[in-house]
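Participant: Here you go, this is start.txt (compact mmCIF, C-alpha atoms and all ligand atoms).
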# COMPACT_ATOMS: atom_id res chain seq x y z
CA MET A 506 -2.39 -0.37 -30.60
CA SER A 507 1.15 -0.40 -29.40
CA ASP A 508 3.61 -3.26 -29.10
CA SER A 509 5.46 -1.50 -26.29
CA LYS A 510 6.24 -3.30 -23.05
CA ILE A 511 6.12 -0.01 -21.14
CA ILE A 512 2.96 1.01 -19.29
CA VAL A 513 3.16 4.59 -17.98
CA ALA A 514 1.28 5.05 -14.67
CA LEU A 515 -0.88 8.19 -14.98
CA ASP A 516 -0.97 8.85 -11.22
CA TYR A 517 -2.60 12.28 -11.33
CA PRO A 518 -5.51 13.86 -9.44
CA THR A 519 -7.23 15.48 -12.41
CA ALA A 520 -8.01 14.68 -16.03
CA ASP A 521 -6.42 17.97 -17.17
CA VAL A 522 -2.99 17.10 -15.79
CA ALA A 523 -3.25 13.47 -16.94
CA LEU A 524 -4.24 14.48 -20.47
CA ALA A 525 -1.46 17.09 -20.61
CA LEU A 526 1.08 14.35 -19.84
CA ALA A 527 -0.54 11.96 -22.33
CA ASN A 528 -0.27 14.70 -24.99
CA GLN A 529 3.50 14.54 -24.61
CA LEU A 530 3.57 10.78 -25.18
CA ASP A 531 3.23 8.73 -28.36
CA PRO A 532 0.53 5.98 -28.22
CA THR A 533 2.64 3.73 -30.45
CA ARG A 534 5.53 3.85 -27.97
CA CYS A 535 3.82 3.19 -24.62
CA ARG A 536 0.58 2.19 -22.96
CA LEU A 537 -1.06 4.01 -20.03
CA LYS A 538 -2.34 2.93 -16.62
CA VAL A 539 -5.37 4.68 -15.09
CA GLY A 540 -5.75 3.98 -11.38
CA LYS A 541 -8.15 4.64 -8.57
CA GLU A 542 -7.37 8.31 -7.88
CA LEU A 543 -7.70 9.55 -11.45
CA PHE A 544 -10.71 7.34 -12.16
CA THR A 545 -12.52 8.35 -8.95
CA ARG A 546 -11.99 12.03 -9.64
CA SER A 547 -12.48 12.07 -13.40
CA GLY A 548 -14.60 9.01 -14.19
CA PRO A 549 -14.73 6.94 -17.35
CA LYS A 550 -14.59 10.07 -19.54
CA VAL A 551 -10.81 10.34 -19.19
CA VAL A 552 -10.47 6.69 -20.25
CA GLU A 553 -12.70 7.28 -23.28
CA ILE A 554 -10.62 10.30 -24.33
CA LEU A 555 -7.33 8.39 -24.01
CA VAL A 556 -8.72 5.38 -25.91
CA LYS A 557 -9.86 7.77 -28.69
CA GLN A 558 -6.34 9.18 -28.82
CA GLY A 559 -5.11 5.67 -29.59
CA PHE A 560 -3.67 4.68 -26.21
CA ASP A 561 -3.96 1.14 -24.84
CA ILE A 562 -5.35 1.60 -21.32
CA PHE A 563 -4.69 -0.62 -18.31
CA LEU A 564 -7.61 0.12 -15.96
CA ASP A 565 -6.07 -0.58 -12.55
CA LEU A 566 -9.14 -0.68 -10.28
CA LYS A 567 -8.42 -4.08 -8.66
CA TYR A 568 -12.03 -5.26 -8.48
CA HIS A 569 -12.86 -7.38 -5.41
CA ASP A 570 -16.53 -8.09 -4.67
CA ILE A 571 -19.13 -10.82 -5.11
CA PRO A 572 -18.81 -12.59 -8.48
CA THR A 573 -21.88 -10.94 -10.09
CA THR A 574 -20.77 -7.43 -9.18
CA VAL A 575 -17.20 -7.98 -10.39
CA ALA A 576 -18.46 -9.54 -13.62
CA LYS A 577 -20.65 -6.49 -14.31
CA ALA A 578 -17.78 -4.11 -13.57
CA CYS A 579 -15.53 -6.08 -15.95
CA ALA A 580 -18.21 -5.98 -18.66
CA ALA A 581 -18.45 -2.20 -18.19
CA ALA A 582 -14.66 -1.82 -18.48
CA THR A 583 -14.73 -3.95 -21.64
CA ASP A 584 -17.37 -1.61 -23.10
CA LEU A 585 -15.06 1.34 -22.31
CA GLY A 586 -12.51 -0.21 -24.66
CA VAL A 587 -9.70 -0.78 -22.18
CA TRP A 588 -6.80 -3.04 -23.18
CA MET A 589 -6.20 -4.54 -19.73
CA MET A 590 -7.98 -4.59 -16.34
CA ASN A 591 -7.43 -6.35 -13.03
CA VAL A 592 -9.21 -8.07 -10.15
CA HIS A 593 -8.04 -9.20 -6.70
CA THR A 594 -7.30 -12.93 -6.63
CA LEU A 595 -8.32 -12.93 -2.94
CA GLY A 596 -11.90 -12.63 -4.25
CA GLY A 597 -11.60 -16.34 -5.08
CA GLY A 598 -11.92 -18.67 -8.05
CA ALA A 599 -15.64 -18.19 -8.69
CA MET A 600 -15.18 -14.41 -8.78
CA MET A 601 -12.27 -14.69 -11.22
CA MET A 602 -14.16 -17.10 -13.46
CA ALA A 603 -17.19 -14.77 -13.53
CA ALA A 604 -14.89 -11.86 -14.45
CA ARG A 605 -13.27 -13.88 -17.23
CA GLU A 606 -16.64 -14.90 -18.68
CA ALA A 607 -17.84 -11.28 -18.59
CA ILE A 608 -15.11 -9.97 -20.88
CA GLY A 609 -15.97 -12.39 -23.69
CA ASN A 610 -13.82 -14.18 -26.22
CA THR A 611 -13.41 -11.80 -29.12
CA SER A 612 -9.89 -11.45 -30.50
CA ASP A 613 -9.72 -7.86 -29.19
CA ARG A 614 -11.04 -8.62 -25.71
CA PRO A 615 -9.16 -6.96 -22.83
CA LEU A 616 -6.52 -8.86 -20.90
CA LEU A 617 -7.67 -9.85 -17.40
CA ILE A 618 -4.96 -9.72 -14.74
CA GLY A 619 -4.97 -10.77 -11.08
CA VAL A 620 -3.47 -8.94 -8.13
CA THR A 621 -2.10 -11.53 -5.68
CA LEU A 622 -0.85 -9.92 -2.46
CA LEU A 623 -0.15 -6.20 -2.47
CA THR A 624 3.56 -5.47 -2.09
CA SER A 625 2.63 -3.20 0.82
CA MET A 626 1.59 -6.32 2.76
CA ASP A 627 4.28 -7.33 5.23
CA GLN A 628 4.32 -10.45 7.43
CA TYR A 629 2.56 -8.61 10.28
CA THR A 630 -0.36 -7.49 8.09
CA PHE A 631 -0.49 -10.90 6.42
CA GLU A 632 -0.99 -12.62 9.79
CA GLN A 633 -3.25 -9.83 11.10
CA ILE A 634 -5.89 -10.78 8.52
CA GLY A 635 -5.62 -14.48 9.38
CA LEU A 636 -3.32 -15.67 6.58
CA GLN A 637 -0.67 -18.23 7.42
CA GLY A 638 2.54 -19.52 5.89
CA SER A 639 4.92 -17.53 3.75
CA ILE A 640 4.06 -14.52 1.62
CA THR A 641 5.96 -15.99 -1.37
CA ASP A 642 4.10 -19.31 -1.23
CA THR A 643 0.80 -17.44 -1.00
CA VAL A 644 1.66 -15.29 -4.03
CA LEU A 645 2.53 -18.43 -6.03
CA ARG A 646 -0.66 -20.19 -4.92
CA LEU A 647 -2.84 -17.21 -5.83
CA ALA A 648 -1.14 -16.88 -9.22
CA LYS A 649 -1.94 -20.53 -9.96
CA LEU A 650 -5.55 -19.98 -8.85
CA ALA A 651 -5.70 -17.01 -11.25
CA LYS A 652 -4.42 -19.11 -14.15
CA ASP A 653 -6.72 -22.04 -13.32
CA ASN A 654 -9.70 -19.68 -13.49
CA GLY A 655 -8.84 -18.26 -16.88
CA LEU A 656 -6.95 -15.08 -16.03
CA ASP A 657 -4.28 -13.95 -18.47
CA GLY A 658 -1.64 -13.17 -15.87
CA VAL A 659 -0.81 -11.43 -12.60
CA VAL A 660 0.79 -8.28 -11.25
CA CYS A 661 4.09 -9.30 -9.64
CA SER A 662 7.36 -7.87 -8.42
CA GLY A 663 10.51 -8.37 -10.47
CA GLN A 664 11.72 -10.71 -7.73
CA GLU A 665 8.71 -13.02 -8.24
CA ALA A 666 8.77 -12.89 -12.04
CA SER A 667 11.33 -15.63 -12.76
CA LYS A 668 9.55 -18.21 -10.57
CA LEU A 669 6.16 -17.37 -12.08
CA ARG A 670 7.56 -17.46 -15.63
CA ALA A 671 9.08 -20.90 -15.00
CA GLN A 672 5.83 -22.23 -13.50
CA HIS A 673 3.34 -20.82 -15.98
CA GLY A 674 5.08 -20.56 -19.34
CA ASP A 675 5.43 -17.82 -21.92
CA ALA A 676 1.75 -17.03 -22.50
CA PHE A 677 1.13 -15.97 -18.87
CA GLN A 678 1.36 -12.18 -18.58
CA LEU A 679 3.52 -10.79 -15.78
CA ILE A 680 2.96 -7.10 -15.05
CA THR A 681 5.71 -5.56 -12.95
CA PRO A 682 5.76 -2.21 -11.11
CA GLY A 683 8.63 -0.93 -8.96
CA ILE A 684 10.82 -0.28 -12.01
CA ARG A 685 13.64 2.23 -11.76
CA PRO A 686 16.05 2.97 -14.61
CA ALA A 687 19.71 2.97 -13.51
CA ASN A 688 20.55 6.25 -11.73
CA SER A 689 16.96 7.31 -11.15
CA GLU A 690 15.28 8.23 -7.84
CA GLN A 691 13.92 5.27 -5.86
CA GLY A 692 11.17 7.41 -4.28
CA ASP A 693 9.01 5.27 -1.97
CA GLN A 694 9.75 2.02 -3.86
CA HIS A 695 11.99 -0.44 -2.03
CA ARG A 696 12.93 -3.57 -3.98
CA THR A 697 13.27 -2.08 -7.45
CA MET A 698 14.65 -3.49 -10.70
CA THR A 699 15.87 -1.74 -13.82
CA PRO A 700 13.76 -2.23 -16.97
CA ILE A 701 16.23 -4.66 -18.54
CA GLU A 702 16.56 -6.67 -15.29
CA ALA A 703 12.78 -7.05 -14.99
CA LEU A 704 12.41 -8.22 -18.62
CA ALA A 705 15.30 -10.64 -18.14
CA ALA A 706 13.56 -12.01 -15.03
CA GLY A 707 10.50 -12.79 -17.16
CA SER A 708 8.22 -9.73 -16.86
CA SER A 709 5.94 -9.15 -19.85
CA TYR A 710 5.11 -5.48 -19.16
CA LEU A 711 6.74 -2.83 -16.99
CA VAL A 712 4.63 -0.31 -15.07
CA ILE A 713 6.66 2.88 -14.82
CA GLY A 714 5.38 6.07 -13.20
CA ARG A 715 7.57 8.84 -11.86
CA PRO A 716 10.75 8.06 -13.83
CA ILE A 717 8.69 9.13 -16.88
CA THR A 718 5.89 11.34 -15.50
CA ALA A 719 8.18 13.46 -13.31
CA ALA A 720 10.82 13.90 -16.03
CA LYS A 721 11.29 17.34 -17.62
CA ASN A 722 10.82 15.68 -20.98
CA PRO A 723 8.69 12.53 -20.56
CA MET A 724 9.14 11.37 -24.16
CA ALA A 725 12.93 11.69 -23.80
CA ALA A 726 12.78 9.67 -20.57
CA LEU A 727 10.72 7.01 -22.37
CA HIS A 728 13.21 7.00 -25.24
CA ALA A 729 16.14 6.52 -22.82
CA ILE A 730 14.35 3.53 -21.27
CA GLU A 731 13.70 2.06 -24.74
CA GLN A 732 17.41 2.47 -25.55
CA SER A 733 18.35 0.69 -22.31
CA LEU A 734 16.36 -2.33 -23.49
CA HIS A 735 18.40 -2.84 -26.67
O1 LIG A 801 5.96 6.12 -9.86
P1 LIG A 801 6.15 4.63 -9.79
O2 LIG A 801 6.97 4.06 -10.93
O3 LIG A 801 6.64 4.17 -8.43
O4 LIG A 801 4.66 4.06 -9.98
C1 LIG A 801 4.37 2.69 -9.91
C2 LIG A 801 2.90 2.46 -10.16
O5 LIG A 801 2.63 1.06 -9.96
C3 LIG A 801 1.95 3.20 -9.21
O6 LIG A 801 0.75 3.47 -9.94
C4 LIG A 801 1.70 2.20 -8.12
O7 LIG A 801 0.46 2.40 -7.47
C5 LIG A 801 1.68 0.89 -8.91
N1 LIG A 801 1.98 -0.31 -8.14
C6 LIG A 801 3.15 -0.48 -7.42
N2 LIG A 801 3.36 -1.62 -6.71
C7 LIG A 801 2.44 -2.60 -6.70
C8 LIG A 801 1.26 -2.45 -7.44
C9 LIG A 801 1.06 -1.29 -8.15
O8 LIG A 801 4.01 0.40 -7.42
N3 LIG A 801 2.69 -3.71 -6.07
Show me this structure written as structure tokens.
Ligand code: C5P
Facilitator:
Amino acid sequence: MSDSKIIVALDYPTADVALALANQLDPTRCRLKVGKELFTRSGPKVVEILVKQGFDIFLDLKYHDIPTTVAKACAAATDLGVWMMNVHTLGGGAMMMAAREAIGNTSDRPLLIGVTLLTSMDQYTFEQIGLQGSITDTVLRLAKLAKDNGLDGVVCSGQEASKLRAQHGDAFQLITPGIRPANSEQGDQHRTMTPIEALAAGSSYLVIGRPITAAKNPMAALHAIEQSLH
């Protein structure tokens, strides 16, 4: 168990490469995110290995299906021992409530997080699928729906964090990707924030991939980010 606010995105195609990176990191100093590519290629085994090594795992599979199916997937992820998992809020309140019930109420249960609208969704795509109004209002509405149905928090951009923090209080978890330390490559991210800016805006946890995983010395990159937070 770590008390770090940094979640390193293990965006790798194979377990070997992911585990090699994890071997360079200290499980007391960061948590790890396993997403669709790594999970689809390597399966739950890689999660089990990382959990055994002491890492807190955010299983980022964004479940979105009928309530029974999502509930069973969430129960399976709970059995894997993950620390955090997520579902799509667009699956609706009944789906989120079923997911929340499936992970139980033990003190060490995983955190259940909602994805509102993907940041890749622009106004054109938003309207293409029949949604109306503003993207920001929709994100705020879906975050409230997530909270009302028992979810622990949502994934959100740094730009949305301060509004969500003000609306939902300190206990609501805000998970923020698109983080770039000062002077680091933006890559394909557009509206980025530095780690300290995102925490100041109200984010609870920072999802950071390439600034750590593509560094020559990932632990040194992590250390530099920790220093920037003090
Ligand atoms: O390498 P980088 O720091 O850009 O990685 C960010 C991680 O967060 C990736 O795993 C990406 O898929 C994820 N993510 C994101 N933006 C979202 C949701 C998830 O960048 N809105």
Participant: Produce as a VMD selection string the set of residues near ligand LIG 801 (chain A), where near means within 10 Å with all atoms listed in the file considered.
Facilitator: chain A and resid 512 to 517 538 to 542 565 567 620 to 626 660 to 662 680 to 686 690 to 695 697 711 to 719
Participant: Out of A:Glu606, A:Glu702, A:Asp675, A:Asp613, which residue has the shortest atom-to-atom distance to Leu734 in chain A when counting all atoms listed in the file?
Facilitator: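 Nearest to Leu734 in chain A: A:Glu702.
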Participant: In Å, with one decimal, what is the gap from CA of Glu731 in chain A to CA of Gln529 in chain A?
Facilitator: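 About the pair CA of Glu731 in chain A and CA of Gln529 in chain A: they are 16.1 Å apart.
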Participant: Find the distance between CA of Ala581 in chain A and CA of Leu566 in chain A and write it in Å to one decimal.
Facilitator: 12.3 Å
Participant: Would you list the contacts of Gln664 in chain A as JSON, numbers by chain, taking every protein, DNA or RNA residue within 9 Å and counting only C-alpha atoms, but skipping same-chain residues closer than 3 positions in sequence?
Facilitator: {"A": [661, 667, 668, 696, 697, 698, 703, 706]}
Participant: At what distance in Å, to one decimal, does CA of Ser547 in chain A lie from CA of Ala720 in chain A?
Facilitator: 23.5 Å
